[in-house]
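**Q** Below: one structure in structure tokens.
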Amino acid sequence: MPKPAQTCKHDACKVPASGGKGYCARHYAAWKRGALPKSRYKTCRAEGCHKRVTARGRCEEHFARDYPGKRAPQAAETSPASPGSPAPPRLEN
């Protein structure tokens with residue numbers, strides 16, 4: 001027996017769910033960006049803010065506002081060499 005067509009689980013959307021996670025393609029893309037109330041990552045606890053959390057339940061902007069003088073921990077990313085550090089040696093063929 002075929003599965004009945006399912007509509008998007010976002011409120012007031014009647015488009016068939018074809019995007020993933022029960023959403024239509026448009027709402028699935030919004031979910032991936034974090035624009036929906038139930039986003040794919042933890043969002044800032046400030047009301048109306050849907051940015052990604054960096055520290056203590058707040059986004060970078062609200063963390064700086066609520067904890068002046070403190071810095072949010074940096075993610076483990078490879079950062080380019082700082083301007084004062086020497087450049088790595090070049091290997092010539």
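We name chains A, B, ... following the order of the structure tokens; residues begin at 1 in each chain, and ligands are numbered from 1 as shown.
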Hey, what does DSSP flag as helix (DSSP H, G or I) within segment 3-81 of chain A? Can you give it to me as a PyMOL selection string?
**A** chain A and resi 25-33+60-66
**Q** How about saving the chosen residues, C-alpha atoms kept, as a short mmCIF file (atom, residue, chain, number, x, y, z; two decimals), in the first residue's frame?
**A**
```cif
data_model
loop_
_atom_site.label_atom_id
_atom_site.label_comp_id
_atom_site.auth_asym_id
_atom_site.auth_seq_id
_atom_site.Cartn_x
_atom_site.Cartn_y
_atom_site.Cartn_z
CA ALA A 25 12.30 22.26 0.19
CA ARG A 26 11.87 25.93 1.18
CA HIS A 27 11.39 25.26 4.90
CA TYR A 28 14.11 22.59 4.95
CA ALA A 29 16.58 25.17 3.60
CA ALA A 30 15.41 27.64 6.26
CA TRP A 31 15.89 24.94 8.91
CA LYS A 32 19.45 24.33 7.71
CA ARG A 33 20.22 28.08 7.95
CA GLU A 60 28.67 36.43 19.98
CA GLU A 61 26.78 39.74 19.94
CA HIS A 62 24.68 39.06 23.05
CA PHE A 63 27.61 37.50 24.90
CA ALA A 64 29.60 40.72 24.39
CA ARG A 65 26.60 42.75 25.60
CA ASP A 66 25.89 40.64 28.71
#
```
**Q** If we count only C-alpha atoms and set the cut-off at 12 Å, which residues sit around Cys8 of chain A, ignoring sequence neighbours fewer than 4 positions away in its own chain? Please answer as a ChimeraX atom specification.
**A** /A:12-28
**Q** Identify, with DSSP run on backbone atoms, the residues in segment 4-87 of chain A assigned to strand (DSSP E or B), and express the list as a compact mmCIF listing (two decimals) with N, CA and C atoms, in the first residue's frame.
**A**
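Result file follows (selection34.txt):
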```
# COMPACT_ATOMS: atom_id res chain seq x y z
N THR A 7 2.25 16.56 4.02
CA THR A 7 2.51 17.97 3.79
C THR A 7 3.60 18.45 4.74
N PRO A 16 3.74 19.73 -0.38
CA PRO A 16 4.20 18.38 -0.03
C PRO A 16 5.61 18.40 0.56
N GLY A 20 13.05 17.19 3.34
CA GLY A 20 13.73 16.42 4.37
C GLY A 20 13.24 16.86 5.74
N TYR A 23 9.84 18.65 6.12
CA TYR A 23 9.60 19.99 5.59
C TYR A 23 9.58 19.97 4.06
N THR A 43 20.47 27.76 19.56
CA THR A 43 20.37 29.17 19.23
C THR A 43 20.47 30.03 20.48
N ARG A 52 23.64 31.32 16.09
CA ARG A 52 24.28 30.17 16.72
C ARG A 52 24.94 30.57 18.04
N ALA A 55 28.88 31.01 23.44
CA ALA A 55 29.25 30.78 24.84
C ALA A 55 28.09 31.14 25.76
N ARG A 58 24.55 32.17 24.57
CA ARG A 58 24.34 33.41 23.82
C ARG A 58 25.19 33.43 22.55
```
**Q** Using only C-alpha atoms, which protein or nucleic acid residues come within 12 Å of Cys49 of chain A? Drop anything in the same chain fewer than 2 positions from it, and give the result as a PyMOL selection string.
**A** chain A and resi 34-37+39+42-47+51-53+57-62
